[in-house]
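Presented below is the structure to which this report refers.
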Amino acid sequence: MGRRAVVTFDGRGPGTPPHVWDEPLAALPPWPLPREGRTVVVAAHPDDETLTAGGLLAELAAAGRPADVVVVSDGAASHPGSPTLDPTALARRRVDEVRAAVEILSPASDVTLLGHPDGGLCESRDRVTADLRAILTTGAPVRTLVTTWRGDAHRDHRVLAEVCADLADELGCTLAEAPLWLWHWATPDDPAVPWDDLRALPLSDHAVVVKQRAVAAHETQVQPLSDHPADVPVLHPRFLRGFDRDLEPFVVREPTRRDDGPADRASLPAAYFDATYARHADPWGFTDRPYEARKRALTLAALPDERYGRALEVGCSIGVLTAELAARCDALTGTDVADAALAAARARLAHAPHVRLVHGALGGTDDDALPGGPFDLVVLSEVGYYLSWADLTVALPDLLTRLSRGGTVLACHWRHPVEDYPLPGDAVHRALARAAQDAGLAHLVEHREADLLLDVWSRDPRSVAERTGLR
């Protein structure tokens with residue numbers, strides 16, 4: 001067992017000689033280049049994206065799958081006391097440097113600079129989390145999230161890694177944490193080195209060369225700003241040689257399931273709902289809870305068209321939302337698996353002959369199969385989390401085949417954990433996003449709050465303004 005080193009982040013000093021790491025790093029198990037889905041590299045500071053994952057960015061670019069790059073802090077604290085650049089001017093320089101570096105590594109990559117205070121990510125943690133969640137949940141689903149390693153002992157690196165770990169759990173994606181300062185202050189026998197979890201991404205000669213060029217683009221970090229002692233380069237040339245290797249090491253944590261879903265639990269059987277309605281005629285308080293009334297108002301307001309020809313509501317329960325949807329549809333079919341719920345819904349909708357209420361379930365077969373389409377609107381409200389991940393990821397693509405040529409699907413789900421339910425609401429919307437994108441649907445509406453998620457996808461990509469002639 002080795003002895004713990006004194007932790008230091010002064011890259012102006014040479015630190016541990018890079019060659020002592022060569023042999024143990026070369027012996028690491030390989031980590032294959034991410035093969036599918038979206039990869040996002042989240043750097044704590046400008047230059048972290050290049051030092052830790054520049055080779056990954058270059059390899060993904062060469063494979064035609066450029067990663068997105070997010071830089072969280074402004075990098076303004078790298079030269080305290082500099083007579084040449086004050087923090088504001090330094091932050092501007094570092095913006096230019098990171099854009100130039102990513103242009104070298106992966107020209108097609110999107111670069112987002114969040115501008116949080118350098119050295120202050122702990123104090124900004126909630127804002128950082130909100131900013132990253134918005135980025136990671138917009139666009140194609142994230143399959144691989146890359147960030148700094150929490151064990152670097154650098155405060156910003158630790159906080160960012162913890163935030164990304166929570167978001168990776170939420171998204172169900174692979175998390176790869178890249179050590180940076182570990183190679184400076186530790187030695188291979190230090191117990192802090194996570195040898196059991198480290199993997200090495202092999203790099204081509206091209207990736208090594210462009211990474212070297214990208215490191216050089218961070219001029220404020222590798223070149224002196226002036227002859228003043230406060231302006232010496234932040235990163236020592238010997239330290240930088242450790243980033244010239246033909247591999248990049250990452251601490252890799254795969255999602256719980258290889259299909260990127262949460263740990264599987266069985267779908268709830270129809271008997272569960274029969275027992276629930278036997279205990280209470282309105283078990284979720286649809287008729288008397290202000291929360292439910294507000295959620296219905298949000299649901300109706302999110303629909304991109306004023307009126308629909310044929311519509312399907314999956315899991316209509318006792319028909320409270322069904323009654324409000326009926327006013328917007330020429331023909332509406334509601335389904336449920338519980339006979340008591342359907343009986344209550346039929347009583348509530350007796351005045352609406354254009355509403356048909358039948359037995360059917362998401363993912364059902366035989367007697368429980370959903371009606372065939374095509375439907376102009378499908379509403380999936382508070383029902384997806386009753387299925388297992390395996391069943392849901394089969395049922396959703398099947399459901400989307402029922403959409404008409406310009407059809408729309410709306411999903412709304414409770415976000416807080418419920419002990420009985422196989423899935424959280426976030427997982428349902430993650431699965432729907434993947435199925436919708438695979439089916440070529442456009443994402444029209446995303447509403448996220450602490451209690452619920454609401455998403456609208458459509459085969460018609462036009463906005464409401466475009467549909468109604470405003471633009």
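Chain identifiers are assigned as A, B, and so on, following the order in which chains appear in the structure tokens; residues are numbered from 1 within each chain, and ligands are numbered from 1 in order of appearance.
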Inset, instruction - May I have all residues of range 139-256 of chain A that DSSP, computed from the backbone, assigns to helix (DSSP H, G or I), given as a ChimeraX atom specification? - result: /A:150-152,155-171,182-185,205-217,219-222,229-231,237-241
Using only N, CA and C atoms, please write the residues we just selected to a file, as a short mmCIF file (atom, residue, chain, number, x, y, z; two decimals), in the first residue's frame.
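Generated file (part.cif):
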```cif
data_model
loop_
_atom_site.label_atom_id
_atom_site.label_comp_id
_atom_site.auth_asym_id
_atom_site.auth_seq_id
_atom_site.Cartn_x
_atom_site.Cartn_y
_atom_site.Cartn_z
N ARG A 150 -14.01 13.22 -9.70
CA ARG A 150 -14.26 13.76 -8.36
C ARG A 150 -13.08 13.54 -7.42
N GLY A 151 -12.24 12.53 -7.69
CA GLY A 151 -11.12 12.23 -6.81
C GLY A 151 -9.90 13.09 -7.05
N ASP A 152 -9.96 14.02 -8.02
CA ASP A 152 -8.82 14.91 -8.28
C ASP A 152 -8.46 15.76 -7.07
N ARG A 155 -11.59 21.28 -5.88
CA ARG A 155 -12.95 21.56 -5.44
C ARG A 155 -13.92 21.65 -6.60
N ASP A 156 -13.58 22.42 -7.64
CA ASP A 156 -14.48 22.54 -8.78
C ASP A 156 -14.67 21.20 -9.49
N HIS A 157 -13.59 20.43 -9.62
CA HIS A 157 -13.69 19.13 -10.28
C HIS A 157 -14.60 18.20 -9.49
N ARG A 158 -14.46 18.20 -8.17
CA ARG A 158 -15.28 17.32 -7.35
C ARG A 158 -16.75 17.68 -7.46
N VAL A 159 -17.06 18.96 -7.30
CA VAL A 159 -18.46 19.39 -7.34
C VAL A 159 -19.08 19.06 -8.69
N LEU A 160 -18.37 19.37 -9.77
CA LEU A 160 -18.92 19.10 -11.10
C LEU A 160 -19.13 17.61 -11.32
N ALA A 161 -18.18 16.79 -10.87
CA ALA A 161 -18.34 15.34 -11.03
C ALA A 161 -19.55 14.83 -10.25
N GLU A 162 -19.77 15.37 -9.06
CA GLU A 162 -20.93 14.94 -8.28
C GLU A 162 -22.23 15.34 -8.97
N VAL A 163 -22.26 16.55 -9.51
CA VAL A 163 -23.45 16.99 -10.25
C VAL A 163 -23.69 16.09 -11.45
N CYS A 164 -22.62 15.82 -12.20
CA CYS A 164 -22.77 14.98 -13.40
C CYS A 164 -23.15 13.55 -13.05
N ALA A 165 -22.66 13.05 -11.92
CA ALA A 165 -23.03 11.69 -11.50
C ALA A 165 -24.53 11.61 -11.23
N ASP A 166 -25.07 12.63 -10.57
CA ASP A 166 -26.52 12.64 -10.31
C ASP A 166 -27.30 12.74 -11.62
N LEU A 167 -26.83 13.56 -12.55
CA LEU A 167 -27.52 13.70 -13.82
C LEU A 167 -27.40 12.44 -14.66
N ALA A 168 -26.26 11.75 -14.59
CA ALA A 168 -26.11 10.49 -15.31
C ALA A 168 -27.09 9.45 -14.79
N ASP A 169 -27.28 9.42 -13.47
CA ASP A 169 -28.28 8.52 -12.90
C ASP A 169 -29.67 8.87 -13.42
N GLU A 170 -29.96 10.16 -13.46
CA GLU A 170 -31.27 10.62 -13.92
C GLU A 170 -31.50 10.27 -15.38
N LEU A 171 -30.45 10.40 -16.19
CA LEU A 171 -30.56 10.15 -17.62
C LEU A 171 -30.36 8.68 -17.99
N LEU A 182 -4.64 14.37 -10.64
CA LEU A 182 -4.13 13.14 -10.03
C LEU A 182 -2.72 12.83 -10.55
N TRP A 183 -2.51 12.99 -11.85
CA TRP A 183 -1.21 12.64 -12.44
C TRP A 183 -0.11 13.58 -11.97
N HIS A 184 -0.49 14.72 -11.42
CA HIS A 184 0.47 15.72 -10.96
C HIS A 184 0.91 15.45 -9.51
N TRP A 185 -0.05 15.15 -8.63
CA TRP A 185 0.29 15.06 -7.22
C TRP A 185 0.41 13.63 -6.69
N ASP A 205 -2.92 8.09 -34.09
CA ASP A 205 -1.88 9.10 -34.25
C ASP A 205 -2.50 10.47 -34.56
N HIS A 206 -3.53 10.47 -35.39
CA HIS A 206 -4.19 11.73 -35.72
C HIS A 206 -4.75 12.40 -34.47
N ALA A 207 -5.41 11.63 -33.61
CA ALA A 207 -5.99 12.21 -32.40
C ALA A 207 -4.92 12.76 -31.49
N VAL A 208 -3.78 12.07 -31.37
CA VAL A 208 -2.69 12.55 -30.53
C VAL A 208 -2.17 13.88 -31.05
N VAL A 209 -2.00 13.97 -32.36
CA VAL A 209 -1.43 15.19 -32.96
C VAL A 209 -2.38 16.37 -32.79
N VAL A 210 -3.67 16.18 -33.08
CA VAL A 210 -4.59 17.31 -32.97
C VAL A 210 -4.80 17.70 -31.51
N LYS A 211 -4.68 16.74 -30.61
CA LYS A 211 -4.78 17.09 -29.19
C LYS A 211 -3.61 17.99 -28.79
N GLN A 212 -2.41 17.66 -29.25
CA GLN A 212 -1.26 18.52 -28.95
C GLN A 212 -1.48 19.94 -29.48
N ARG A 213 -2.02 20.05 -30.68
CA ARG A 213 -2.29 21.37 -31.26
C ARG A 213 -3.36 22.11 -30.45
N ALA A 214 -4.35 21.37 -29.98
CA ALA A 214 -5.42 22.00 -29.21
C ALA A 214 -4.92 22.47 -27.85
N VAL A 215 -4.05 21.68 -27.21
CA VAL A 215 -3.45 22.13 -25.95
C VAL A 215 -2.70 23.44 -26.17
N ALA A 216 -1.95 23.53 -27.25
CA ALA A 216 -1.19 24.75 -27.54
C ALA A 216 -2.10 25.95 -27.77
N ALA A 217 -3.35 25.70 -28.20
CA ALA A 217 -4.28 26.80 -28.42
C ALA A 217 -4.69 27.49 -27.13
N GLU A 219 -3.35 29.31 -24.96
CA GLU A 219 -2.10 30.05 -24.81
C GLU A 219 -1.92 30.63 -23.41
N THR A 220 -2.99 31.10 -22.78
CA THR A 220 -2.83 31.70 -21.46
C THR A 220 -2.39 30.68 -20.41
N GLN A 221 -2.59 29.41 -20.71
CA GLN A 221 -2.24 28.37 -19.75
C GLN A 221 -0.87 27.75 -20.02
N VAL A 222 -0.40 27.85 -21.24
CA VAL A 222 0.86 27.16 -21.59
C VAL A 222 1.98 28.12 -21.98
N PRO A 229 6.38 37.56 -12.51
CA PRO A 229 6.20 36.24 -11.85
C PRO A 229 4.76 35.76 -11.80
N ALA A 230 3.79 36.67 -11.76
CA ALA A 230 2.39 36.26 -11.72
C ALA A 230 1.87 35.82 -13.08
N ASP A 231 2.68 36.00 -14.12
CA ASP A 231 2.23 35.68 -15.47
C ASP A 231 2.87 34.43 -16.06
N PRO A 237 5.67 22.50 -18.67
CA PRO A 237 5.88 21.64 -19.85
C PRO A 237 6.01 20.17 -19.50
N ARG A 238 6.64 19.84 -18.38
CA ARG A 238 6.77 18.43 -18.02
C ARG A 238 5.41 17.84 -17.66
N PHE A 239 4.60 18.62 -16.97
CA PHE A 239 3.24 18.16 -16.66
C PHE A 239 2.45 17.91 -17.95
N LEU A 240 2.60 18.79 -18.92
CA LEU A 240 1.87 18.65 -20.17
C LEU A 240 2.27 17.41 -20.96
N ARG A 241 3.51 16.95 -20.79
CA ARG A 241 3.94 15.75 -21.52
C ARG A 241 3.10 14.54 -21.14
#
```
Between range 72-172 of chain A and range 57-66 of chain A, at 8 Å or less, what are the per-residue closest atom pairs and their distances in Å? Count only C-alpha atoms, order by chain and rising residue number, and return it as JSON lines.
```
{"residue": "A:Leu105", "atom": "CA", "partner": "A:Ala58", "partner_atom": "CA", "distance": 4.8}
{"residue": "A:Ser106", "atom": "CA", "partner": "A:Ala61", "partner_atom": "CA", "distance": 5.2}
{"residue": "A:Pro107", "atom": "CA", "partner": "A:Ala61", "partner_atom": "CA", "distance": 7.7}
{"residue": "A:Ala108", "atom": "CA", "partner": "A:Pro66", "partner_atom": "CA", "distance": 6.2}
{"residue": "A:Ser109", "atom": "CA", "partner": "A:Pro66", "partner_atom": "CA", "distance": 5.4}
```
Filtering to N, CA and C atoms, could you give me those residues as a PDB file, in the first residue's frame?
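That gives us part_2.pdb:
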```pdb
ATOM      1  N   LEU A 105     -10.022  20.141 -32.584  1.00  0.00           N
ATOM      2  CA  LEU A 105     -10.328  18.752 -32.232  1.00  0.00           C
ATOM      3  C   LEU A 105     -11.557  18.213 -32.950  1.00  0.00           C
ATOM      4  N   SER A 106     -12.596  19.028 -33.020  1.00  0.00           N
ATOM      5  CA  SER A 106     -13.893  18.541 -33.508  1.00  0.00           C
ATOM      6  C   SER A 106     -14.687  19.725 -34.044  1.00  0.00           C
ATOM      7  N   PRO A 107     -14.444  20.115 -35.277  1.00  0.00           N
ATOM      8  CA  PRO A 107     -15.042  21.352 -35.804  1.00  0.00           C
ATOM      9  C   PRO A 107     -16.562  21.405 -35.748  1.00  0.00           C
ATOM     10  N   ALA A 108     -17.224  20.258 -35.795  1.00  0.00           N
ATOM     11  CA  ALA A 108     -18.691  20.259 -35.812  1.00  0.00           C
ATOM     12  C   ALA A 108     -19.307  20.231 -34.420  1.00  0.00           C
ATOM     13  N   SER A 109     -18.477  20.210 -33.382  1.00  0.00           N
ATOM     14  CA  SER A 109     -19.016  20.155 -32.025  1.00  0.00           C
ATOM     15  C   SER A 109     -19.653  21.470 -31.623  1.00  0.00           C
TER      16      SER A 109
END
```
Legend entry - Option closest in space to Arg279 in chain A, from A:Leu203, A:Val394, A:Ala340, A:Leu145 [counting only C-alpha atoms]: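 Closest candidate: A:Ala340.
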Can you list every residue of range 118-209 of chain A that has an atom at most 8 Å from range 251-255 of chain A, with its nearest atom pair and the distance in Å to one decimal, using only C-alpha atoms, ordered by chain then number, as a tab-separated table?
```
residue	atom	partner	partner_atom	distance
A:Trp149	CA	A:Val251	CA	7.3
A:Ala168	CA	A:Pro255	CA	8.0
A:Asp169	CA	A:Pro255	CA	7.3
A:Gly172	CA	A:Pro255	CA	5.6
A:Cys173	CA	A:Pro255	CA	5.5
A:Thr174	CA	A:Glu254	CA	4.5
A:Leu175	CA	A:Arg253	CA	5.2
A:Ala176	CA	A:Val252	CA	4.4
A:Glu177	CA	A:Val251	CA	5.0
A:Ala178	CA	A:Val251	CA	6.3
A:Pro179	CA	A:Val251	CA	7.8
A:Pro194	CA	A:Val251	CA	7.5
A:Asp197	CA	A:Val251	CA	5.3
A:Leu198	CA	A:Val251	CA	4.5
A:Arg199	CA	A:Val251	CA	6.2
```
Go ahead and save the residues from that selection, with N, CA, C and O atoms, as a PDB file, in the first residue's frame.
```pdb
ATOM      1  N   TRP A 149     -12.860  14.180 -12.867  1.00  0.00           N
ATOM      2  CA  TRP A 149     -12.938  13.119 -11.853  1.00  0.00           C
ATOM      3  C   TRP A 149     -13.065  13.722 -10.457  1.00  0.00           C
ATOM      4  O   TRP A 149     -12.306  14.620 -10.078  1.00  0.00           O
ATOM      5  N   ALA A 168     -26.263  11.754 -14.586  1.00  0.00           N
ATOM      6  CA  ALA A 168     -26.109  10.490 -15.313  1.00  0.00           C
ATOM      7  C   ALA A 168     -27.089   9.447 -14.788  1.00  0.00           C
ATOM      8  O   ALA A 168     -27.665   8.668 -15.561  1.00  0.00           O
ATOM      9  N   ASP A 169     -27.282   9.422 -13.470  1.00  0.00           N
ATOM     10  CA  ASP A 169     -28.285   8.517 -12.905  1.00  0.00           C
ATOM     11  C   ASP A 169     -29.671   8.868 -13.419  1.00  0.00           C
ATOM     12  O   ASP A 169     -30.479   7.992 -13.756  1.00  0.00           O
ATOM     13  N   GLY A 172     -29.794   7.913 -17.080  1.00  0.00           N
ATOM     14  CA  GLY A 172     -29.506   6.518 -17.386  1.00  0.00           C
ATOM     15  C   GLY A 172     -28.394   6.348 -18.391  1.00  0.00           C
ATOM     16  O   GLY A 172     -28.438   5.445 -19.225  1.00  0.00           O
ATOM     17  N   CYS A 173     -27.359   7.200 -18.332  1.00  0.00           N
ATOM     18  CA  CYS A 173     -26.282   7.130 -19.312  1.00  0.00           C
ATOM     19  C   CYS A 173     -24.960   6.755 -18.664  1.00  0.00           C
ATOM     20  O   CYS A 173     -24.805   6.804 -17.444  1.00  0.00           O
ATOM     21  N   THR A 174     -23.998   6.379 -19.491  1.00  0.00           N
ATOM     22  CA  THR A 174     -22.652   6.082 -19.024  1.00  0.00           C
ATOM     23  C   THR A 174     -21.988   7.366 -18.540  1.00  0.00           C
ATOM     24  O   THR A 174     -22.106   8.414 -19.173  1.00  0.00           O
ATOM     25  N   LEU A 175     -21.289   7.288 -17.409  1.00  0.00           N
ATOM     26  CA  LEU A 175     -20.536   8.416 -16.872  1.00  0.00           C
ATOM     27  C   LEU A 175     -19.050   8.076 -16.945  1.00  0.00           C
ATOM     28  O   LEU A 175     -18.616   7.033 -16.469  1.00  0.00           O
ATOM     29  N   ALA A 176     -18.274   8.956 -17.562  1.00  0.00           N
ATOM     30  CA  ALA A 176     -16.820   8.793 -17.644  1.00  0.00           C
ATOM     31  C   ALA A 176     -16.171  10.017 -17.010  1.00  0.00           C
ATOM     32  O   ALA A 176     -16.324  11.136 -17.504  1.00  0.00           O
ATOM     33  N   GLU A 177     -15.448   9.798 -15.904  1.00  0.00           N
ATOM     34  CA  GLU A 177     -14.771  10.882 -15.194  1.00  0.00           C
ATOM     35  C   GLU A 177     -13.280  10.829 -15.517  1.00  0.00           C
ATOM     36  O   GLU A 177     -12.656   9.772 -15.391  1.00  0.00           O
ATOM     37  N   ALA A 178     -12.717  11.956 -15.902  1.00  0.00           N
ATOM     38  CA  ALA A 178     -11.329  12.001 -16.352  1.00  0.00           C
ATOM     39  C   ALA A 178     -10.438  12.648 -15.290  1.00  0.00           C
ATOM     40  O   ALA A 178     -10.607  13.836 -14.997  1.00  0.00           O
ATOM     41  N   PRO A 179      -9.497  11.908 -14.726  1.00  0.00           N
ATOM     42  CA  PRO A 179      -8.534  12.541 -13.818  1.00  0.00           C
ATOM     43  C   PRO A 179      -7.656  13.532 -14.575  1.00  0.00           C
ATOM     44  O   PRO A 179      -7.326  13.332 -15.745  1.00  0.00           O
ATOM     45  N   PRO A 194      -7.640   5.202  -8.609  1.00  0.00           N
ATOM     46  CA  PRO A 194      -8.741   4.223  -8.725  1.00  0.00           C
ATOM     47  C   PRO A 194      -8.455   3.162  -9.788  1.00  0.00           C
ATOM     48  O   PRO A 194      -9.192   3.022 -10.771  1.00  0.00           O
ATOM     49  N   ASP A 197     -11.185   0.918 -11.388  1.00  0.00           N
ATOM     50  CA  ASP A 197     -12.251   1.522 -12.196  1.00  0.00           C
ATOM     51  C   ASP A 197     -11.733   2.244 -13.431  1.00  0.00           C
ATOM     52  O   ASP A 197     -12.525   2.691 -14.263  1.00  0.00           O
ATOM     53  N   LEU A 198     -10.427   2.389 -13.560  1.00  0.00           N
ATOM     54  CA  LEU A 198      -9.871   3.108 -14.693  1.00  0.00           C
ATOM     55  C   LEU A 198      -9.900   2.267 -15.964  1.00  0.00           C
ATOM     56  O   LEU A 198      -9.646   1.069 -15.932  1.00  0.00           O
ATOM     57  N   ARG A 199     -10.222   2.943 -17.059  1.00  0.00           N
ATOM     58  CA  ARG A 199     -10.188   2.334 -18.386  1.00  0.00           C
ATOM     59  C   ARG A 199      -9.443   3.301 -19.315  1.00  0.00           C
ATOM     60  O   ARG A 199      -9.403   4.505 -19.071  1.00  0.00           O
TER      61      ARG A 199
END
```
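The closest residue to Ala293 in chain A, picked from A:Val98, A:Val128, A:Leu387, A:Leu321 and counting only C-alpha atoms, is A:Leu321.
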Legend entry - Selection near Leu357 in chain A, 8 Å with only C-alpha atoms, sequence-local residues under 2 positions removed, as a PyMOL selection string: chain A and resi 333-335+342+345-346+355+359
Legend entry - CA of Ala369 in chain A to CA of Thr287 in chain A, straight-line distance in Å: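 Calculated distance between CA of Thr287 in chain A and CA of Ala369 in chain A is 27.7 Å.
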Inset, instruction - Might you pull out every residue within 10 Å of Ala465 in chain A, with only C-alpha atoms counted and same-chain residues fewer than 5 positions away left off, and present them as a ChimeraX atom specification? - result: /A:304,470-471
To test your reading of the structure, identify every residue in range 249-318 of chain A that backbone DSSP assigns to strand (DSSP E), and report it as a PDB file with N, CA, C and O atoms, in the first residue's frame.
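Written output follows (out.pdb):
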```pdb
ATOM      1  N   PRO A 249      -7.155   8.109 -20.037  1.00  0.00           N
ATOM      2  CA  PRO A 249      -7.762   7.297 -18.963  1.00  0.00           C
ATOM      3  C   PRO A 249      -9.037   7.933 -18.414  1.00  0.00           C
ATOM      4  O   PRO A 249      -9.103   9.156 -18.248  1.00  0.00           O
ATOM      5  N   PHE A 250     -10.019   7.090 -18.143  1.00  0.00           N
ATOM      6  CA  PHE A 250     -11.292   7.535 -17.586  1.00  0.00           C
ATOM      7  C   PHE A 250     -11.738   6.565 -16.500  1.00  0.00           C
ATOM      8  O   PHE A 250     -11.527   5.348 -16.624  1.00  0.00           O
ATOM      9  N   VAL A 251     -12.371   7.092 -15.486  1.00  0.00           N
ATOM     10  CA  VAL A 251     -13.077   6.272 -14.506  1.00  0.00           C
ATOM     11  C   VAL A 251     -14.495   6.107 -15.046  1.00  0.00           C
ATOM     12  O   VAL A 251     -15.271   7.062 -15.079  1.00  0.00           O
ATOM     13  N   VAL A 252     -14.823   4.894 -15.476  1.00  0.00           N
ATOM     14  CA  VAL A 252     -16.054   4.666 -16.232  1.00  0.00           C
ATOM     15  C   VAL A 252     -17.084   3.951 -15.354  1.00  0.00           C
ATOM     16  O   VAL A 252     -16.784   2.938 -14.716  1.00  0.00           O
ATOM     17  N   ARG A 253     -18.275   4.501 -15.344  1.00  0.00           N
ATOM     18  CA  ARG A 253     -19.394   3.857 -14.653  1.00  0.00           C
ATOM     19  C   ARG A 253     -20.533   3.693 -15.647  1.00  0.00           C
ATOM     20  O   ARG A 253     -21.083   4.675 -16.147  1.00  0.00           O
ATOM     21  N   TYR A 308     -58.754  18.184 -32.854  1.00  0.00           N
ATOM     22  CA  TYR A 308     -58.215  16.928 -33.389  1.00  0.00           C
ATOM     23  C   TYR A 308     -59.359  16.064 -33.919  1.00  0.00           C
ATOM     24  O   TYR A 308     -60.467  16.072 -33.365  1.00  0.00           O
ATOM     25  N   GLY A 309     -59.045  15.329 -34.980  1.00  0.00           N
ATOM     26  CA  GLY A 309     -60.047  14.422 -35.542  1.00  0.00           C
ATOM     27  C   GLY A 309     -60.224  13.206 -34.643  1.00  0.00           C
ATOM     28  O   GLY A 309     -61.219  13.082 -33.927  1.00  0.00           O
ATOM     29  N   ARG A 310     -59.251  12.301 -34.672  1.00  0.00           N
ATOM     30  CA  ARG A 310     -59.314  11.086 -33.839  1.00  0.00           C
ATOM     31  C   ARG A 310     -58.228  11.169 -32.778  1.00  0.00           C
ATOM     32  O   ARG A 310     -57.073  11.490 -33.075  1.00  0.00           O
ATOM     33  N   ALA A 311     -58.600  10.853 -31.533  1.00  0.00           N
ATOM     34  CA  ALA A 311     -57.652  10.924 -30.425  1.00  0.00           C
ATOM     35  C   ALA A 311     -57.744   9.671 -29.578  1.00  0.00           C
ATOM     36  O   ALA A 311     -58.791   9.004 -29.518  1.00  0.00           O
ATOM     37  N   LEU A 312     -56.626   9.355 -28.925  1.00  0.00           N
ATOM     38  CA  LEU A 312     -56.537   8.194 -28.040  1.00  0.00           C
ATOM     39  C   LEU A 312     -55.963   8.652 -26.711  1.00  0.00           C
ATOM     40  O   LEU A 312     -54.898   9.281 -26.671  1.00  0.00           O
ATOM     41  N   GLU A 313     -56.658   8.361 -25.612  1.00  0.00           N
ATOM     42  CA  GLU A 313     -56.124   8.597 -24.271  1.00  0.00           C
ATOM     43  C   GLU A 313     -55.838   7.244 -23.624  1.00  0.00           C
ATOM     44  O   GLU A 313     -56.759   6.455 -23.384  1.00  0.00           O
ATOM     45  N   VAL A 314     -54.592   6.996 -23.333  1.00  0.00           N
ATOM     46  CA  VAL A 314     -54.185   5.724 -22.739  1.00  0.00           C
ATOM     47  C   VAL A 314     -54.220   5.869 -21.222  1.00  0.00           C
ATOM     48  O   VAL A 314     -53.562   6.743 -20.650  1.00  0.00           O
TER      49      VAL A 314
END
```
Inset, instruction - Show which residues sit within 9 Å of Pro224 in chain A, as a ChimeraX atom specification. Count only C-alpha atoms, and ignore same-chain residues fewer than 6 positions away. - result: /A:231-234
